[in-house]
Amino acid sequence: MSTKDLLNKEKMPKHIAVIMDGNGRWAKQQGKLRTFGHQSGVTAVKDVTEGAAELGVEVLTLYAFSTENWNRPKFEIDALMSLLVQTISKETETLMKNNIRLATIGDTDSLPTGVKEKLEKAIAKTSVNTRMTLVLALSYSSRWEITKAVREIANEVKEGKLDIDAITENTISSHLTTSAWPDPELMIRTSGETRISNYLLWQLAYAELYFTTKLWPDFRKEDLYEAIYNYQNRERRFGMISEQVK
Ligand code: FPP
């Protein structure tokens with residue numbers, strides 16, 4: 001029996017965020033280059049995307065490249081960028097067939113022109129799709145995003161378009177790059193690291209965090225089901241007491 005059969009369809013998270021970690025260690029364990037780990041990570045991306053869509057998840061956000069990842073050796077950055085281009089070219093049709101929309105969050109202007117163009121094309125082509133949105137966080141960091149939001153809000157105040165007293169949590173949420181989607185209810189990180197690493201800091205305020213020691217290239221649908229099963233069996237209290245949420 002699969003853990004999938006144990007999942008409660010009524011309690012499916014609408015938005016799942018993932019930190020895909022451990023590609024480098026996975027490759028090293030096999031005596032291969034780190035870039036081989038990233039290539040193998042694409043299989044996991046495909047399997048988990050398909051699995052999430054089948055479950056009726058509305059938004060799946062994958063941390064594919066952080067602002068801090070620009071500090072990696074040039075060889076690895078170049079390999080990751082060409083892997084992105086190749087994967088987008090190869091998989092846009094799969095996204096179309098599965099009615100999945102592609103979106104990005106992050107400072108995509110800092111990506112190489114070729115990557116940006118491929119992404120823009122795929123985003124435009126898949127924009128008609130409605131089953132699930134696959135969001136790639138690229139050149140993304142939460143502090144970058146929050147700083148950008150603060151600047152935009154301050155500018156609106158300066159121009160007299162917004163009253164300081166009218167600033168609410170919603171004002172901030174609506175200036176984040178994720179404003180089109182609900183906050184993630186579940187965040188999964190692979191590879192045994194138990195950090196958030198500058199990922200969706202505002203949006204994860206009430207998310208359940210799930211950490212697994214599996215390395216990303218080994219992560220599959222079945223592992224996704226286990227994470228969701230674990231999430232569904234937690235009590236989410238949002239600061240209230242147990243009796244109030246029952
Ligand atoms: C973290 O592992 C992973 C990344 C920085 C990149 C993730 C990219 C992919 C899975 C492939 C491309 C993705 C798409 C969406 C086409 P790490 O390198 O930090 O591993 P380590 O912690 O073991 O060194």
# chains A, B, ... in the order shown; residues from 1 in each chain; ligands from 1

call {"tool": "residues_near_ligand", "arguments": {"ligand": "ligand 1", "cutoff": "7 Å", "atoms": "only C-alpha atoms and all ligand atoms", "output": "list in words"}}
result
Met20, Asp21, Gly22, Asn23, Gly24, Arg25, Trp26, Arg34, His38, Gln39, Gly41, Val42, Val45, Leu62, Tyr63, Ala64, Phe65, Asn69, Leu80, Leu83, Leu84, Thr87, Ile88 and Leu136 of chain A

call {"tool": "select_by_dssp", "arguments": {"residues": "region 19-245 of chain A", "states": "strand (DSSP E)", "output": "PyMOL selection string"}}
result
chain A and resi 19+59-66+100-105+132-140+186-189+208-211

call {"tool": "closest_residue", "arguments": {"among": "A:Leu55, A:Val18, A:Leu111, A:Ala124", "to": "Asp5 (chain A)", "atoms": "only C-alpha atoms"}}
result
A:Leu55

call {"tool": "closest_residue", "arguments": {"among": "A:Gly37, A:Gly31, A:Gly192, A:Gly51", "to": "Ile228 (chain A)", "atoms": "only C-alpha atoms"}}
result
A:Gly51

call {"tool": "closest_residue", "arguments": {"among": "A:Val128, A:Met12, A:Val157, A:Ile77", "to": "Glu54 (chain A)", "atoms": "only C-alpha atoms"}}
result
A:Met12

call {"tool": "residues_around", "arguments": {"residues": "Val115 (chain A)", "least_positions_apart": "6", "cutoff": "12 Å", "atoms": "only C-alpha atoms", "output": "JSON list (two decimals) with N, CA, C and O atoms, in the first residue's frame"}}
result
[["chain", "number", "residue", "atom", "x", "y", "z"],
["A", 78, "ASP", "N", 27.51, 27.86, -13.99],
["A", 78, "ASP", "CA", 27.25, 27.68, -15.43],
["A", 78, "ASP", "C", 26.52, 26.38, -15.70],
["A", 78, "ASP", "O", 25.59, 26.32, -16.51],
["A", 79, "ALA", "N", 26.94, 25.32, -14.99],
["A", 79, "ALA", "CA", 26.29, 24.02, -15.19],
["A", 79, "ALA", "C", 24.82, 24.09, -14.75],
["A", 79, "ALA", "O", 23.94, 23.55, -15.44],
["A", 80, "LEU", "N", 24.55, 24.77, -13.65],
["A", 80, "LEU", "CA", 23.16, 24.88, -13.17],
["A", 80, "LEU", "C", 22.32, 25.69, -14.15],
["A", 80, "LEU", "O", 21.16, 25.34, -14.42],
["A", 81, "MET", "N", 22.92, 26.76, -14.70],
["A", 81, "MET", "CA", 22.17, 27.60, -15.65],
["A", 81, "MET", "C", 21.87, 26.81, -16.93],
["A", 81, "MET", "O", 20.76, 26.87, -17.45],
["A", 82, "SER", "N", 22.85, 26.04, -17.42],
["A", 82, "SER", "CA", 22.54, 25.32, -18.66],
["A", 82, "SER", "C", 21.58, 24.17, -18.39],
["A", 82, "SER", "O", 20.76, 23.84, -19.25],
["A", 83, "LEU", "N", 21.64, 23.62, -17.19],
["A", 83, "LEU", "CA", 20.66, 22.58, -16.83],
["A", 83, "LEU", "C", 19.24, 23.16, -16.82],
["A", 83, "LEU", "O", 18.29, 22.51, -17.28],
["A", 84, "LEU", "N", 19.15, 24.37, -16.34],
["A", 84, "LEU", "CA", 17.83, 25.04, -16.32],
["A", 84, "LEU", "C", 17.29, 25.23, -17.73],
["A", 84, "LEU", "O", 16.14, 24.89, -18.02],
["A", 85, "VAL", "N", 18.17, 25.76, -18.61],
["A", 85, "VAL", "CA", 17.76, 26.00, -20.00],
["A", 85, "VAL", "C", 17.32, 24.69, -20.66],
["A", 85, "VAL", "O", 16.24, 24.59, -21.25],
["A", 86, "GLN", "N", 18.17, 23.66, -20.49],
["A", 86, "GLN", "CA", 17.86, 22.35, -21.10],
["A", 86, "GLN", "C", 16.54, 21.79, -20.57],
["A", 86, "GLN", "O", 15.70, 21.30, -21.32],
["A", 87, "THR", "N", 16.38, 21.86, -19.26],
["A", 87, "THR", "CA", 15.18, 21.27, -18.65],
["A", 87, "THR", "C", 13.93, 22.01, -19.08],
["A", 87, "THR", "O", 12.91, 21.38, -19.41],
["A", 88, "ILE", "N", 14.01, 23.33, -19.12],
["A", 88, "ILE", "CA", 12.83, 24.10, -19.53],
["A", 88, "ILE", "C", 12.49, 23.77, -20.98],
["A", 88, "ILE", "O", 11.33, 23.50, -21.31],
["A", 89, "SER", "N", 13.51, 23.72, -21.84],
["A", 89, "SER", "CA", 13.26, 23.40, -23.25],
["A", 89, "SER", "C", 12.61, 22.03, -23.38],
["A", 89, "SER", "O", 11.65, 21.85, -24.13],
["A", 104, "THR", "N", 8.05, 32.13, -11.84],
["A", 104, "THR", "CA", 9.31, 32.25, -11.09],
["A", 104, "THR", "C", 9.15, 33.32, -10.02],
["A", 104, "THR", "O", 8.30, 34.23, -10.13],
["A", 108, "THR", "N", 15.12, 37.64, -11.25],
["A", 108, "THR", "CA", 15.40, 36.96, -12.52],
["A", 108, "THR", "C", 16.17, 37.85, -13.50],
["A", 108, "THR", "O", 16.77, 37.34, -14.44],
["A", 109, "ASP", "N", 16.17, 39.17, -13.25],
["A", 109, "ASP", "CA", 16.97, 40.06, -14.11],
["A", 109, "ASP", "C", 18.45, 39.74, -14.01],
["A", 109, "ASP", "O", 19.22, 40.07, -14.92],
["A", 121, "LYS", "N", 9.57, 32.62, -22.23],
["A", 121, "LYS", "CA", 8.80, 31.89, -23.25],
["A", 121, "LYS", "C", 7.93, 30.83, -22.60],
["A", 121, "LYS", "O", 6.75, 30.69, -22.91],
["A", 122, "ALA", "N", 8.56, 30.03, -21.72],
["A", 122, "ALA", "CA", 7.83, 28.92, -21.08],
["A", 122, "ALA", "C", 6.72, 29.47, -20.18],
["A", 122, "ALA", "O", 5.63, 28.90, -20.11],
["A", 138, "LEU", "N", 14.37, 31.47, -8.23],
["A", 138, "LEU", "CA", 15.64, 31.59, -8.96],
["A", 138, "LEU", "C", 16.30, 32.92, -8.61],
["A", 138, "LEU", "O", 15.67, 33.97, -8.75],
["A", 139, "SER", "N", 17.54, 32.85, -8.20],
["A", 139, "SER", "CA", 18.22, 34.04, -7.69],
["A", 139, "SER", "C", 17.31, 34.69, -6.65],
["A", 139, "SER", "O", 17.07, 35.89, -6.67]]

call {"tool": "select_by_dssp", "arguments": {"residues": "region 30-183 of chain A", "states": "alpha helix (DSSP H)", "output": "NGL selection string"}}
result
:A and (34-55 or 74-97 or 113-126 or 142-158 or 169-174)

call {"tool": "closest_residue", "arguments": {"among": "A:Arg236, A:Lys118, A:Lys14, A:Arg195", "to": "Trp181 (chain A)", "atoms": "only C-alpha atoms"}}
result
A:Lys14

call {"tool": "residues_around", "arguments": {"residues": "Leu102 (chain A)", "least_positions_apart": "3", "cutoff": "8 Å", "atoms": "only C-alpha atoms", "output": "list in words"}}
result
Leu95, Ala122, Ile123, Thr126, Ser127, Thr133, Leu134, Val135 and Leu136 of chain A

call {"tool": "closest_residue", "arguments": {"among": "A:Ser242, A:Thr3, A:Ser191, A:Thr177", "to": "Asp218 (chain A)", "atoms": "only C-alpha atoms"}}
result
A:Ser191

call {"tool": "residues_around", "arguments": {"residues": "Ile146 (chain A)", "least_positions_apart": "4", "cutoff": "7 Å", "atoms": "only C-alpha atoms", "output": "list in words"}}
result
Ser142, Val150 and Leu176 of chain A

call {"tool": "residues_around", "arguments": {"residues": "region 198-204 of chain A", "least_positions_apart": "2", "cutoff": "7 Å", "atoms": "only C-alpha atoms", "output": "compact mmCIF listing (two decimals) with N, CA and C atoms, in the first residue's frame"}}
result
# COMPACT_ATOMS: atom_id res chain seq x y z
N SER A 141 16.10 35.26 -2.63
CA SER A 141 16.32 35.17 -1.19
C SER A 141 15.25 36.03 -0.54
N SER A 142 14.82 35.58 0.62
CA SER A 142 13.72 36.24 1.28
C SER A 142 14.08 37.66 1.70
N ARG A 143 15.30 37.85 2.15
CA ARG A 143 15.69 39.21 2.57
C ARG A 143 15.73 40.16 1.38
N ASP A 183 -0.05 31.44 1.20
CA ASP A 183 1.21 31.07 1.85
C ASP A 183 1.33 29.54 1.92
N PRO A 184 2.54 29.01 1.84
CA PRO A 184 2.69 27.54 1.95
C PRO A 184 2.26 27.05 3.34
N ILE A 196 16.12 27.26 7.42
CA ILE A 196 15.22 27.82 6.39
C ILE A 196 16.02 28.51 5.29
N TYR A 206 3.39 30.42 9.40
CA TYR A 206 2.57 29.38 10.04
C TYR A 206 2.72 28.01 9.37
N ALA A 207 3.73 27.88 8.52
CA ALA A 207 3.89 26.60 7.79
C ALA A 207 4.40 25.52 8.74

call {"tool": "decode", "arguments": {"residues": "region 199-225 of chain A", "atoms": "C-alpha atoms", "output": "PDB file, in the first residue's frame"}}
result
ATOM      1  CA  TYR A 199      13.586  31.043   1.977  1.00  0.00           C
ATOM      2  CA  LEU A 200      10.074  32.544   2.145  1.00  0.00           C
ATOM      3  CA  LEU A 201      10.647  33.891   5.676  1.00  0.00           C
ATOM      4  CA  TRP A 202       7.420  35.931   5.784  1.00  0.00           C
ATOM      5  CA  GLN A 203       5.312  33.345   3.946  1.00  0.00           C
ATOM      6  CA  LEU A 204       6.382  30.407   6.145  1.00  0.00           C
ATOM      7  CA  ALA A 205       5.185  32.101   9.359  1.00  0.00           C
ATOM      8  CA  TYR A 206       2.574  29.380  10.037  1.00  0.00           C
ATOM      9  CA  ALA A 207       3.894  26.603   7.794  1.00  0.00           C
ATOM     10  CA  GLU A 208       4.627  23.147   9.106  1.00  0.00           C
ATOM     11  CA  LEU A 209       8.294  22.346   8.538  1.00  0.00           C
ATOM     12  CA  TYR A 210       9.239  18.833   7.449  1.00  0.00           C
ATOM     13  CA  PHE A 211      12.856  17.717   7.339  1.00  0.00           C
ATOM     14  CA  THR A 212      14.053  14.450   5.846  1.00  0.00           C
ATOM     15  CA  THR A 213      17.552  13.022   5.613  1.00  0.00           C
ATOM     16  CA  LYS A 214      16.902  11.839   2.033  1.00  0.00           C
ATOM     17  CA  LEU A 215      19.120  13.659  -0.428  1.00  0.00           C
ATOM     18  CA  TRP A 216      17.199  15.521  -3.140  1.00  0.00           C
ATOM     19  CA  PRO A 217      18.128  13.255  -6.115  1.00  0.00           C
ATOM     20  CA  ASP A 218      16.590  10.310  -4.174  1.00  0.00           C
ATOM     21  CA  PHE A 219      13.364  12.138  -3.292  1.00  0.00           C
ATOM     22  CA  ARG A 220      10.256  10.808  -5.053  1.00  0.00           C
ATOM     23  CA  LYS A 221       6.442  11.038  -4.978  1.00  0.00           C
ATOM     24  CA  GLU A 222       6.304   8.476  -2.171  1.00  0.00           C
ATOM     25  CA  ASP A 223       8.482  10.775  -0.021  1.00  0.00           C
ATOM     26  CA  LEU A 224       6.152  13.651  -0.852  1.00  0.00           C
ATOM     27  CA  TYR A 225       3.182  11.554   0.338  1.00  0.00           C
TER      28      TYR A 225
END
